[in-house]
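Here's the structure we're looking at; comments come further down.
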Amino acid sequence: MCGIVGYIGHRDAFPIIINGLKRLEYRGYDSAGLALYNDKLILKKSKGKVKDLEQLFDNQAQKKGLIGLGHTRWATHGEPNDINAHPHVSNSGNLVIVHNGIIENYDSIKQTLLQRGYRFKSDTDTEVLINLIEDVMNNEQIGLGKAVQIALNQVVGAYAIVVFDRKNPEQIVMARLGSPLAIGIGKDEYFIASDATPFIEFTKNALYLEDEQMAIIQKGKDPQIRNIKDDKLVVPYIQELQLSLDQIEKGGYEHFMLKEIYEQPGVIRDTMRGRVLADQNLIKLSGIDNHLSKFLNAKRIIMIGAGTSWHAGLVGEYLFEELARVPVEVEYSSEFRYRNPIINENDIVIPVSQSGETADTLAAIKLAKQKNAFIYAICNVVGSSIPRESHSGTYTHAGPEIGVASTKAFTTQVMVMAMMALKLAKEKGTVSISEYNMYLSELENIPNKIEKTLESDLYIQQIAHHYKDAANALYLGRGFNFPVALEGALKLKEISYIHAEGYPAAEMKHGPIALIDENMPVVVIATKKGQYEKIISNIQEIKSRKGKIIAIVTEGDQQVKALADHVIEIPETLEAFTPFLATVPLQLLSYYIAVYRGCNVDQPRNLAKSVTVE
Ligand code: AGP
């Protein structure tokens, strides 16, 4: 997720764009850039934050220009550095672009353009796109708008782009598929941005491009909105915005955490984008493909992480062992690094981390490397320390996670592990082709099933209100859902400050059952797959001690419904994929309890988003 700001009108674009970028930094902040046109192109960009970029414009003359583009980046292709920062310029130096999204087929387009003599400075898909547009313009001898429309019909992926041609600085072109783009409509001026925060104080009249729509704005004329597919004109729907600045930043949600819970279907699609190709019965993971022999010969996988990432590693253990039949150990980074662990040459160490900066995990990697292990990182922040320290890896593409409590980071990490385990299972023949295809097609259903799960929001709010004053809580699960029980308990304790513990359900009778009385809410993940009958027995044991039971069940379940005090239904899925769905109600439950308790949900006391110290 990146932040885009564009402007064309009668004001100096610089202050509008630079301030707009600062408001969009929540969308990405590893590098930033700004291009202005004022008889010549002024383009500055750098790794770091928008305030670092602002320092580069060190005299007034550089800040002049009535048309401009700005970008604050969340890297997906290419390390965060000055070269890969946006805006990008075409080979001729005439076309300038900023882009939010992922072009899946950029490599094949790049090879074609290289053969036609184009040269590339950066590693980004964006620079490929702007040169494709230039190539179309040159070959067809057409204007920018038409060239963008033709070029985008050759592109596979997700994008929000804004482009201008310095030979025609009275025009700006934009288009979207999958990433948001808002157009603020002023008097003889237009603001373009990823959301309305950059222009809300200038105008409340906005139109939001729909997917597969583009806009051509020419000074002095009404904006043209067109379909990218067939170039037909579309009547724009202009609305008057009512949201505040703060509400827009959070996408209309009260907190970043709730926004990120609801982003999960979309970001999981981004995690799978270009990787899960069910129509080709294929999973493409370049990190694995480039080191396939290491994975096929691995005698053991050691997953290391902290907090939620450690829980994701536990789900990974079940996935890799069940599907790819490779032994897995899951270690707390902080324990692993001080334990003088035994690491063999054929071991693969998989650090799991949202931030890529967790000190204990980074130290554990360095120790494992000293013992000749192969390190494969699963991380969200491109170019952060952990991936840089690793031999290879797979990024989760979850976009910035601002809320301290990890939500979309967890489900996207599990999605990467599911893709890895399934890919290895096929390569090793540990699943039949029919099983493989069954898993692969169900993976594609997961985002829609999460959307269905989110429909229980209102009911979960009611349950949360009921238990907001609980002093303790127990979370129980079995098999794939044992880690989900741990994750649910962590969510509750870290944002509502209620003491909560997660346990394998069978462990209850080895101690925790002594805690159960009429004041103890017990969350039980009791989905139909796996050890369902055993979990029913556990529920009966809780009930006989007057514990209050909140059960996560497979939709339509009547048996648990007859026993539990509250039942939250989730869609049926394969046992191995229940963590994707069972986690979501637990995220919402902890969120609403924390809200009812008046806690600072996005920045809970004593916690930091990334623990970069020991
Ligand atoms: C989880 O909600 C917390 N934010 C915390 O446990 C977190 O998962 C842990 O600090 C690891 O962070 P990382 O994924 O960035 O390495």
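Identifiers for the structure tokens are assigned positionally: chains receive A, B, ... in sequence, residues are indexed from 1 per chain, and ligands are indexed from 1 in the order shown.
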
Report as number ranges by chain: the residues of range 220-416 of chain A with a DSSP assignment of helix (DSSP H, G or I), based on the backbone of this structure. A: 245-249, 256-262, 264-272, 278-280, 286-289, 292-297, 307-324, 333-336, 359-370, 385-389, 408-416

Produce a file of the selected residues containing C-alpha atoms, as a PDB file, in the first residue's frame.
ATOM      1  CA  LEU A 245      -9.300  13.990   8.394  1.00  0.00           C
ATOM      2  CA  ASP A 246      -8.767  11.407  11.117  1.00  0.00           C
ATOM      3  CA  GLN A 247     -11.677   9.270   9.946  1.00  0.00           C
ATOM      4  CA  ILE A 248     -10.413   9.256   6.366  1.00  0.00           C
ATOM      5  CA  GLU A 249      -6.932   8.100   7.432  1.00  0.00           C
ATOM      6  CA  PHE A 256      -6.425   1.262  12.610  1.00  0.00           C
ATOM      7  CA  MET A 257      -6.842  -2.175  14.222  1.00  0.00           C
ATOM      8  CA  LEU A 258     -10.446  -2.495  13.063  1.00  0.00           C
ATOM      9  CA  LYS A 259      -9.484  -1.220   9.610  1.00  0.00           C
ATOM     10  CA  GLU A 260      -6.716  -3.807   9.416  1.00  0.00           C
ATOM     11  CA  ILE A 261      -9.053  -6.608  10.553  1.00  0.00           C
ATOM     12  CA  TYR A 262     -11.365  -5.661   7.683  1.00  0.00           C
ATOM     13  CA  GLN A 264      -7.676  -9.060   5.639  1.00  0.00           C
ATOM     14  CA  PRO A 265      -9.698 -10.357   2.663  1.00  0.00           C
ATOM     15  CA  GLY A 266      -8.066  -7.779   0.391  1.00  0.00           C
ATOM     16  CA  VAL A 267      -4.503  -8.151   1.640  1.00  0.00           C
ATOM     17  CA  ILE A 268      -4.727 -11.952   1.589  1.00  0.00           C
ATOM     18  CA  ARG A 269      -5.669 -11.598  -2.075  1.00  0.00           C
ATOM     19  CA  ASP A 270      -2.510  -9.468  -2.420  1.00  0.00           C
ATOM     20  CA  THR A 271      -0.483 -12.173  -0.645  1.00  0.00           C
ATOM     21  CA  MET A 272      -1.737 -14.729  -3.188  1.00  0.00           C
ATOM     22  CA  ALA A 278      -5.218 -22.319  -9.413  1.00  0.00           C
ATOM     23  CA  ASP A 279      -6.194 -22.313 -13.108  1.00  0.00           C
ATOM     24  CA  GLN A 280      -2.664 -23.529 -13.861  1.00  0.00           C
ATOM     25  CA  SER A 286      10.436 -17.473  -6.526  1.00  0.00           C
ATOM     26  CA  GLY A 287      12.177 -17.778  -3.166  1.00  0.00           C
ATOM     27  CA  ILE A 288      11.353 -21.483  -3.042  1.00  0.00           C
ATOM     28  CA  ASP A 289      11.930 -22.100  -6.752  1.00  0.00           C
ATOM     29  CA  LEU A 292      14.066 -25.894  -4.261  1.00  0.00           C
ATOM     30  CA  SER A 293      16.752 -28.509  -3.649  1.00  0.00           C
ATOM     31  CA  LYS A 294      17.434 -27.086  -0.199  1.00  0.00           C
ATOM     32  CA  PHE A 295      13.754 -27.425   0.690  1.00  0.00           C
ATOM     33  CA  LEU A 296      13.452 -30.898  -0.812  1.00  0.00           C
ATOM     34  CA  ASN A 297      16.525 -32.087   1.089  1.00  0.00           C
ATOM     35  CA  GLY A 307       4.368 -12.968  19.831  1.00  0.00           C
ATOM     36  CA  THR A 308       1.830 -13.264  17.048  1.00  0.00           C
ATOM     37  CA  SER A 309       4.541 -14.251  14.580  1.00  0.00           C
ATOM     38  CA  TRP A 310       5.468 -17.148  16.844  1.00  0.00           C
ATOM     39  CA  HIS A 311       1.805 -18.205  16.825  1.00  0.00           C
ATOM     40  CA  ALA A 312       1.816 -18.065  13.032  1.00  0.00           C
ATOM     41  CA  GLY A 313       4.898 -20.304  13.135  1.00  0.00           C
ATOM     42  CA  LEU A 314       2.941 -22.829  15.198  1.00  0.00           C
ATOM     43  CA  VAL A 315       0.245 -22.935  12.518  1.00  0.00           C
ATOM     44  CA  GLY A 316       3.067 -23.351  10.021  1.00  0.00           C
ATOM     45  CA  GLU A 317       4.297 -26.387  11.948  1.00  0.00           C
ATOM     46  CA  TYR A 318       0.935 -28.118  11.441  1.00  0.00           C
ATOM     47  CA  LEU A 319       0.837 -27.074   7.783  1.00  0.00           C
ATOM     48  CA  PHE A 320       4.369 -28.197   6.859  1.00  0.00           C
ATOM     49  CA  GLU A 321       4.109 -31.475   8.766  1.00  0.00           C
ATOM     50  CA  GLU A 322       0.615 -32.312   7.554  1.00  0.00           C
ATOM     51  CA  LEU A 323       1.128 -31.395   3.912  1.00  0.00           C
ATOM     52  CA  ALA A 324       4.837 -31.602   3.171  1.00  0.00           C
ATOM     53  CA  SER A 333      13.512 -16.217  19.031  1.00  0.00           C
ATOM     54  CA  SER A 334      14.470 -15.003  22.506  1.00  0.00           C
ATOM     55  CA  GLU A 335      14.976 -18.574  23.773  1.00  0.00           C
ATOM     56  CA  PHE A 336      16.591 -19.889  20.616  1.00  0.00           C
ATOM     57  CA  ALA A 359      15.787  -7.749  17.876  1.00  0.00           C
ATOM     58  CA  ASP A 360      15.524 -11.280  19.261  1.00  0.00           C
ATOM     59  CA  THR A 361      14.562 -12.702  15.871  1.00  0.00           C
ATOM     60  CA  LEU A 362      17.395 -10.826  14.159  1.00  0.00           C
ATOM     61  CA  ALA A 363      19.889 -12.151  16.708  1.00  0.00           C
ATOM     62  CA  ALA A 364      18.550 -15.684  16.324  1.00  0.00           C
ATOM     63  CA  ILE A 365      19.074 -15.477  12.560  1.00  0.00           C
ATOM     64  CA  LYS A 366      22.692 -14.389  12.980  1.00  0.00           C
ATOM     65  CA  LEU A 367      23.311 -17.313  15.319  1.00  0.00           C
ATOM     66  CA  ALA A 368      21.710 -19.765  12.880  1.00  0.00           C
ATOM     67  CA  LYS A 369      23.810 -18.382  10.017  1.00  0.00           C
ATOM     68  CA  GLN A 370      26.986 -18.935  12.044  1.00  0.00           C
ATOM     69  CA  SER A 385      16.691  -5.979   8.602  1.00  0.00           C
ATOM     70  CA  ILE A 386      15.408  -9.564   8.864  1.00  0.00           C
ATOM     71  CA  PRO A 387      14.913 -10.173   5.113  1.00  0.00           C
ATOM     72  CA  ARG A 388      18.224  -8.422   4.431  1.00  0.00           C
ATOM     73  CA  GLU A 389      19.943 -10.775   6.881  1.00  0.00           C
ATOM     74  CA  LYS A 408      -3.600  -8.982   9.059  1.00  0.00           C
ATOM     75  CA  ALA A 409       0.079  -9.768   9.636  1.00  0.00           C
ATOM     76  CA  PHE A 410      -0.932 -13.083  11.213  1.00  0.00           C
ATOM     77  CA  THR A 411      -3.339 -14.235   8.518  1.00  0.00           C
ATOM     78  CA  THR A 412      -1.009 -13.226   5.691  1.00  0.00           C
ATOM     79  CA  GLN A 413       1.916 -14.992   7.374  1.00  0.00           C
ATOM     80  CA  VAL A 414      -0.209 -18.147   7.624  1.00  0.00           C
ATOM     81  CA  MET A 415      -1.169 -17.711   3.957  1.00  0.00           C
ATOM     82  CA  VAL A 416       2.511 -17.638   2.954  1.00  0.00           C
TER      83      VAL A 416
END

Counting only C-alpha atoms and all ligand atoms, which residues in chain A sit no more than 7 Å from ligand 1? For each one, give the nearest pair of atoms and the distance in Å, sorted by chain then residue number, as a tab-separated table.
residue	atom	partner	partner_atom_place_in_ligand_line	distance
A:Gly305	CA	ligand 1	16 (O)	6.2
A:Ala306	CA	ligand 1	11 (C)	4.5
A:Gly307	CA	ligand 1	6 (O)	3.2
A:Thr308	CA	ligand 1	8 (O)	3.7
A:Ser309	CA	ligand 1	14 (O)	4.8
A:Val352	CA	ligand 1	14 (O)	6.5
A:Ser353	CA	ligand 1	14 (O)	3.5
A:Gln354	CA	ligand 1	14 (O)	3.7
A:Ser355	CA	ligand 1	15 (O)	3.6
A:Gly356	CA	ligand 1	15 (O)	5.7
A:Glu357	CA	ligand 1	15 (O)	6.3
A:Thr358	CA	ligand 1	16 (O)	4.6
A:Thr361	CA	ligand 1	16 (O)	6.9
A:Val404	CA	ligand 1	4 (N)	4.9
A:Ala405	CA	ligand 1	2 (O)	3.4
A:Ser406	CA	ligand 1	2 (O)	3.8
A:Thr407	CA	ligand 1	2 (O)	6.9
A:Leu490	CA	ligand 1	2 (O)	6.8
A:Lys491	CA	ligand 1	2 (O)	6.0
A:Lys609	CA	ligand 1	4 (N)	5.6
A:Ser610	CA	ligand 1	15 (O)	5.2
A:Val611	CA	ligand 1	10 (O)	5.5

Dump of all heavy atoms for the selected residues, as a short mmCIF file (atom, residue, chain, number, x, y, z; two decimals), in the first residue's frame:
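To be explicit, this is the file written out as again-v2.cif:
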data_model
loop_
_atom_site.label_atom_id
_atom_site.label_comp_id
_atom_site.auth_asym_id
_atom_site.auth_seq_id
_atom_site.Cartn_x
_atom_site.Cartn_y
_atom_site.Cartn_z
N GLY A 305 10.28 -16.84 15.96
CA GLY A 305 9.51 -15.60 15.95
C GLY A 305 9.17 -15.19 17.36
O GLY A 305 9.61 -15.80 18.33
N ALA A 306 8.37 -14.13 17.44
CA ALA A 306 7.92 -13.63 18.74
C ALA A 306 6.44 -13.32 18.65
O ALA A 306 5.93 -13.03 17.57
CB ALA A 306 8.70 -12.37 19.09
N GLY A 307 5.77 -13.41 19.76
CA GLY A 307 4.37 -12.97 19.83
C GLY A 307 3.50 -13.62 18.77
O GLY A 307 3.53 -14.83 18.55
N THR A 308 2.75 -12.77 18.09
CA THR A 308 1.83 -13.26 17.05
C THR A 308 2.57 -14.03 15.97
O THR A 308 2.08 -15.03 15.44
CB THR A 308 1.07 -12.07 16.45
OG1 THR A 308 0.15 -11.59 17.43
CG2 THR A 308 0.32 -12.43 15.20
N SER A 309 3.78 -13.57 15.63
CA SER A 309 4.54 -14.25 14.58
C SER A 309 4.94 -15.65 15.02
O SER A 309 5.04 -16.56 14.19
CB SER A 309 5.77 -13.41 14.22
OG SER A 309 5.33 -12.19 13.65
N VAL A 352 9.92 -15.52 11.23
CA VAL A 352 8.61 -14.94 10.88
C VAL A 352 8.51 -13.60 11.58
O VAL A 352 8.73 -13.51 12.80
CB VAL A 352 7.47 -15.87 11.34
CG1 VAL A 352 6.11 -15.35 10.86
CG2 VAL A 352 7.69 -17.29 10.81
N SER A 353 8.25 -12.55 10.83
CA SER A 353 8.20 -11.23 11.46
C SER A 353 7.42 -10.23 10.61
O SER A 353 7.65 -10.14 9.41
CB SER A 353 9.62 -10.68 11.66
OG SER A 353 9.59 -9.37 12.18
N GLN A 354 6.50 -9.51 11.18
CA GLN A 354 5.78 -8.45 10.49
C GLN A 354 6.74 -7.30 10.21
O GLN A 354 6.92 -6.93 9.06
CB GLN A 354 4.60 -7.96 11.32
CG GLN A 354 3.64 -7.00 10.64
CD GLN A 354 4.19 -5.57 10.49
OE1 GLN A 354 4.15 -5.04 9.38
NE2 GLN A 354 4.72 -4.96 11.54
N SER A 355 7.38 -6.80 11.24
CA SER A 355 8.20 -5.57 11.11
C SER A 355 9.55 -5.82 10.45
O SER A 355 10.14 -4.94 9.86
CB SER A 355 8.46 -4.99 12.50
OG SER A 355 9.23 -5.94 13.26
N GLY A 356 10.05 -7.06 10.62
CA GLY A 356 11.39 -7.35 10.11
C GLY A 356 12.49 -6.71 10.95
O GLY A 356 13.63 -6.65 10.52
N GLU A 357 12.13 -6.23 12.14
CA GLU A 357 13.12 -5.53 12.97
C GLU A 357 13.20 -6.08 14.40
O GLU A 357 13.93 -5.55 15.21
CB GLU A 357 12.79 -4.03 13.04
CG GLU A 357 12.78 -3.32 11.70
CD GLU A 357 14.14 -3.35 10.97
OE1 GLU A 357 15.16 -3.64 11.64
OE2 GLU A 357 14.17 -3.10 9.76
N THR A 358 12.46 -7.13 14.72
CA THR A 358 12.45 -7.66 16.08
C THR A 358 13.84 -8.14 16.48
O THR A 358 14.41 -9.04 15.83
CB THR A 358 11.42 -8.79 16.19
OG1 THR A 358 10.13 -8.23 15.90
CG2 THR A 358 11.40 -9.42 17.57
N THR A 361 14.63 -11.88 17.10
CA THR A 361 14.56 -12.70 15.87
C THR A 361 15.79 -12.44 15.01
O THR A 361 16.39 -13.37 14.45
CB THR A 361 13.26 -12.40 15.11
OG1 THR A 361 12.14 -12.59 15.99
CG2 THR A 361 13.10 -13.29 13.88
N VAL A 404 -0.89 -1.67 16.93
CA VAL A 404 0.16 -2.46 17.60
C VAL A 404 -0.22 -3.93 17.63
O VAL A 404 0.61 -4.80 17.46
CB VAL A 404 0.39 -1.93 19.04
CG1 VAL A 404 1.17 -2.93 19.87
CG2 VAL A 404 1.12 -0.59 18.98
N ALA A 405 -1.48 -4.23 17.81
CA ALA A 405 -1.91 -5.63 17.84
C ALA A 405 -1.94 -6.17 16.41
O ALA A 405 -2.64 -5.66 15.55
CB ALA A 405 -3.30 -5.74 18.46
N SER A 406 -1.16 -7.20 16.17
CA SER A 406 -1.07 -7.78 14.83
C SER A 406 -2.35 -8.52 14.48
O SER A 406 -2.84 -9.34 15.24
CB SER A 406 0.09 -8.78 14.78
OG SER A 406 1.26 -8.13 14.38
N THR A 407 -2.87 -8.23 13.30
CA THR A 407 -4.08 -8.94 12.84
C THR A 407 -3.84 -9.46 11.42
O THR A 407 -3.60 -10.64 11.23
CB THR A 407 -5.28 -7.97 12.85
OG1 THR A 407 -4.89 -6.77 12.16
CG2 THR A 407 -5.70 -7.63 14.26
N LEU A 490 -3.69 -13.76 23.27
CA LEU A 490 -2.73 -12.63 23.20
C LEU A 490 -3.44 -11.34 22.79
O LEU A 490 -3.22 -10.28 23.36
CB LEU A 490 -1.62 -12.96 22.20
CG LEU A 490 -0.63 -11.82 21.92
CD1 LEU A 490 0.12 -11.42 23.17
CD2 LEU A 490 0.34 -12.20 20.82
N LYS A 491 -4.32 -11.44 21.79
CA LYS A 491 -5.07 -10.25 21.35
C LYS A 491 -5.81 -9.64 22.53
O LYS A 491 -5.78 -8.44 22.76
CB LYS A 491 -6.06 -10.64 20.25
CG LYS A 491 -5.45 -10.97 18.91
CD LYS A 491 -4.99 -9.76 18.16
CE LYS A 491 -3.56 -9.41 18.18
NZ LYS A 491 -2.46 -10.30 18.10
N LYS A 609 5.07 -1.18 18.53
CA LYS A 609 4.71 -1.95 17.34
C LYS A 609 5.84 -2.90 16.95
O LYS A 609 5.62 -3.99 16.50
CB LYS A 609 4.40 -1.01 16.17
CG LYS A 609 3.95 -1.74 14.90
CD LYS A 609 2.73 -2.61 15.14
CE LYS A 609 2.41 -3.49 13.97
NZ LYS A 609 1.38 -4.52 14.30
N SER A 610 7.06 -2.44 17.15
CA SER A 610 8.18 -3.31 16.81
C SER A 610 9.18 -3.29 17.95
O SER A 610 9.68 -2.24 18.33
CB SER A 610 8.83 -2.80 15.51
OG SER A 610 9.96 -3.60 15.23
N VAL A 611 9.49 -4.48 18.48
CA VAL A 611 10.37 -4.58 19.65
C VAL A 611 11.81 -4.71 19.16
O VAL A 611 12.32 -5.80 18.93
CB VAL A 611 9.97 -5.78 20.53
CG1 VAL A 611 10.85 -5.83 21.77
CG2 VAL A 611 8.51 -5.67 20.92
#

Arg119 in chain A environment, 10 Å, only C-alpha atoms, sequence neighbours closer than 2 positions dropped, as a compact mmCIF listing (two decimals) with N, CA, C and O atoms, in the first residue's frame:
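As written to disk, out_27.txt reads:
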# COMPACT_ATOMS: atom_id res chain seq x y z
N SER A 90 9.99 7.98 -17.73
CA SER A 90 10.22 7.11 -18.89
C SER A 90 11.59 7.39 -19.47
O SER A 90 12.23 8.41 -19.17
N ASN A 91 12.03 6.54 -20.38
CA ASN A 91 13.36 6.68 -20.97
C ASN A 91 13.57 8.05 -21.63
O ASN A 91 14.66 8.59 -21.61
N LYS A 110 8.95 -6.23 -19.27
CA LYS A 110 10.30 -5.64 -19.21
C LYS A 110 11.21 -6.29 -20.25
O LYS A 110 11.96 -5.59 -20.95
N LEU A 113 10.46 -4.83 -23.62
CA LEU A 113 10.95 -3.45 -23.74
C LEU A 113 12.47 -3.42 -23.84
O LEU A 113 13.04 -2.63 -24.60
N LEU A 114 13.14 -4.31 -23.13
CA LEU A 114 14.61 -4.37 -23.22
C LEU A 114 15.03 -4.69 -24.65
O LEU A 114 15.95 -4.11 -25.20
N GLN A 115 14.29 -5.62 -25.26
CA GLN A 115 14.62 -5.97 -26.66
C GLN A 115 14.39 -4.78 -27.61
O GLN A 115 14.99 -4.68 -28.65
N ARG A 116 13.48 -3.88 -27.19
CA ARG A 116 13.21 -2.70 -28.03
C ARG A 116 14.15 -1.54 -27.67
O ARG A 116 13.94 -0.42 -28.10
N GLY A 117 15.12 -1.83 -26.80
CA GLY A 117 16.12 -0.81 -26.52
C GLY A 117 15.86 0.02 -25.28
O GLY A 117 16.64 0.93 -24.97
N LYS A 121 16.56 1.85 -14.73
CA LYS A 121 17.47 2.21 -13.65
C LYS A 121 17.08 1.48 -12.34
O LYS A 121 17.92 1.15 -11.53
N SER A 122 15.79 1.22 -12.19
CA SER A 122 15.31 0.69 -10.90
C SER A 122 14.91 -0.79 -11.03
O SER A 122 14.92 -1.33 -12.15
N GLU A 127 8.53 1.36 -13.09
CA GLU A 127 9.35 1.91 -14.19
C GLU A 127 9.08 1.16 -15.49
O GLU A 127 9.12 1.73 -16.58
N VAL A 128 8.72 -0.11 -15.36
CA VAL A 128 8.36 -0.89 -16.56
C VAL A 128 7.06 -0.33 -17.14
O VAL A 128 6.95 -0.09 -18.34
N ASN A 131 7.37 2.98 -19.08
CA ASN A 131 8.02 2.80 -20.39
C ASN A 131 7.14 2.02 -21.35
O ASN A 131 7.22 2.23 -22.57

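Nearest residue to Pro447 in chain A among A:Arg273, A:Lys22, A:Arg545, A:Arg27 is A:Arg273, counting only C-alpha atoms.
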
Find the spatial neighbours of range 468-471 of chain A, counting only C-alpha atoms, within a cut-off of 7 Å - ignore same-chain residues fewer than 6 positions away - and output them as a ChimeraX atom specification. /A:498-499,593,596-597

Now that the selection is made, can you save its residues with N, CA, C and O atoms as an mmCIF file, in the first residue's frame?
data_model
loop_
_atom_site.group_PDB
_atom_site.id
_atom_site.type_symbol
_atom_site.label_atom_id
_atom_site.label_comp_id
_atom_site.auth_asym_id
_atom_site.auth_seq_id
_atom_site.Cartn_x
_atom_site.Cartn_y
_atom_site.Cartn_z
ATOM 1 N N ILE A 498 -7.072 -7.651 30.033
ATOM 2 C CA ILE A 498 -7.698 -8.767 30.769
ATOM 3 C C ILE A 498 -6.726 -9.941 30.716
ATOM 4 O O ILE A 498 -6.209 -10.277 29.646
ATOM 5 N N HIS A 499 -6.482 -10.597 31.846
ATOM 6 C CA HIS A 499 -5.580 -11.757 31.807
ATOM 7 C C HIS A 499 -6.234 -12.896 31.041
ATOM 8 O O HIS A 499 -7.370 -13.280 31.342
ATOM 9 N N ILE A 593 -14.084 -5.655 23.122
ATOM 10 C CA ILE A 593 -13.942 -5.632 24.586
ATOM 11 C C ILE A 593 -13.032 -4.471 24.990
ATOM 12 O O ILE A 593 -13.332 -3.691 25.896
ATOM 13 N N TYR A 596 -14.923 -1.201 24.614
ATOM 14 C CA TYR A 596 -15.878 -1.013 25.717
ATOM 15 C C TYR A 596 -15.154 -0.659 27.023
ATOM 16 O O TYR A 596 -15.703 0.034 27.882
ATOM 17 N N ARG A 597 -13.921 -1.115 27.148
ATOM 18 C CA ARG A 597 -13.164 -0.827 28.376
ATOM 19 C C ARG A 597 -12.426 0.507 28.279
ATOM 20 O O ARG A 597 -11.725 0.910 29.194
#

At what distance in Å, to one decimal, does CA of Leu41 in chain A lie from CA of Leu132 in chain A? 20.4 Å

Mind listing the strand (DSSP E) residues of range 345-541 of chain A, per DSSP on the backbone, as a PyMOL selection string? chain A and resi 347-353+374-379+392-395+472-477+499-504+521-525

Could you pull the residues within 12 Å of Ile542 in chain A, counting only C-alpha atoms, minus those fewer than 6 positions along the same chain, as a VMD selection string? chain A and resid 474 to 476 505 to 506 508 to 509 512 to 524 535 to 536 548 to 551 563 to 565

Could you pull the residues within 12 Å of Thr203 in chain A, counting only C-alpha atoms, minus those fewer than 2 positions along the same chain, as a list in words? Ala182, Ile183, Gly184, Ile185, Gly186, Lys187, Asp188, Glu189, Tyr190, Phe191, Ile192, Ala196, Thr197, Pro198, Phe199, Ile200, Glu201, Asn205, Ala206, Leu207, Ile238, Gln239, Glu240, Leu241 and Gln242 of chain A

Restrict the selected residues to C-alpha atoms and save them as an mmCIF file, in the first residue's frame.
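Output below, filename out-v2.cif:
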data_model
loop_
_atom_site.group_PDB
_atom_site.id
_atom_site.type_symbol
_atom_site.label_atom_id
_atom_site.label_comp_id
_atom_site.auth_asym_id
_atom_site.auth_seq_id
_atom_site.Cartn_x
_atom_site.Cartn_y
_atom_site.Cartn_z
ATOM 1 C CA ALA A 182 -9.852 9.801 -5.126
ATOM 2 C CA ILE A 183 -10.169 12.998 -7.194
ATOM 3 C CA GLY A 184 -10.880 16.245 -5.348
ATOM 4 C CA ILE A 185 -12.673 18.713 -7.585
ATOM 5 C CA GLY A 186 -11.947 22.370 -6.903
ATOM 6 C CA LYS A 187 -12.490 25.527 -8.934
ATOM 7 C CA ASP A 188 -10.191 25.114 -11.959
ATOM 8 C CA GLU A 189 -8.038 22.761 -9.948
ATOM 9 C CA TYR A 190 -7.942 19.029 -9.294
ATOM 10 C CA PHE A 191 -6.416 17.008 -6.467
ATOM 11 C CA ILE A 192 -5.665 13.303 -6.939
ATOM 12 C CA ALA A 196 -9.234 12.371 0.548
ATOM 13 C CA THR A 197 -6.953 13.400 3.458
ATOM 14 C CA PRO A 198 -4.565 15.474 1.235
ATOM 15 C CA PHE A 199 -7.342 17.656 -0.186
ATOM 16 C CA ILE A 200 -10.151 17.665 2.371
ATOM 17 C CA GLU A 201 -9.409 21.253 3.413
ATOM 18 C CA ASN A 205 -16.353 17.541 -3.699
ATOM 19 C CA ALA A 206 -14.779 14.249 -4.657
ATOM 20 C CA LEU A 207 -15.183 11.365 -7.012
ATOM 21 C CA ILE A 238 -19.374 13.367 -7.504
ATOM 22 C CA GLN A 239 -20.050 13.236 -3.770
ATOM 23 C CA GLU A 240 -19.715 15.773 -0.970
ATOM 24 C CA LEU A 241 -17.410 14.314 1.696
ATOM 25 C CA GLN A 242 -18.575 14.345 5.316
#

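Residues lying within 8 Å of Leu43 in chain A, counting only C-alpha atoms and ignoring same-chain neighbours fewer than 6 positions away, are Gly33, Leu34, Ala35, Leu36 and Pro87 of chain A.
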
May I have the residues from that selection written out with N, CA and C atoms, as a short mmCIF file (atom, residue, chain, number, x, y, z; two decimals), in the first residue's frame?
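Once written, part-v9.cif looks like this:
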data_model
loop_
_atom_site.label_atom_id
_atom_site.label_comp_id
_atom_site.auth_asym_id
_atom_site.auth_seq_id
_atom_site.Cartn_x
_atom_site.Cartn_y
_atom_site.Cartn_z
N GLY A 33 8.97 10.61 -2.82
CA GLY A 33 9.47 11.41 -3.94
C GLY A 33 8.41 12.37 -4.43
N LEU A 34 8.88 13.41 -5.17
CA LEU A 34 7.95 14.44 -5.65
C LEU A 34 8.48 15.00 -6.96
N ALA A 35 7.59 15.14 -7.94
CA ALA A 35 7.98 15.72 -9.24
C ALA A 35 7.08 16.91 -9.51
N LEU A 36 7.69 18.02 -9.97
CA LEU A 36 6.94 19.23 -10.33
C LEU A 36 7.34 19.61 -11.75
N PRO A 87 8.47 9.34 -7.79
CA PRO A 87 8.01 9.04 -9.13
C PRO A 87 9.09 8.43 -10.02
#
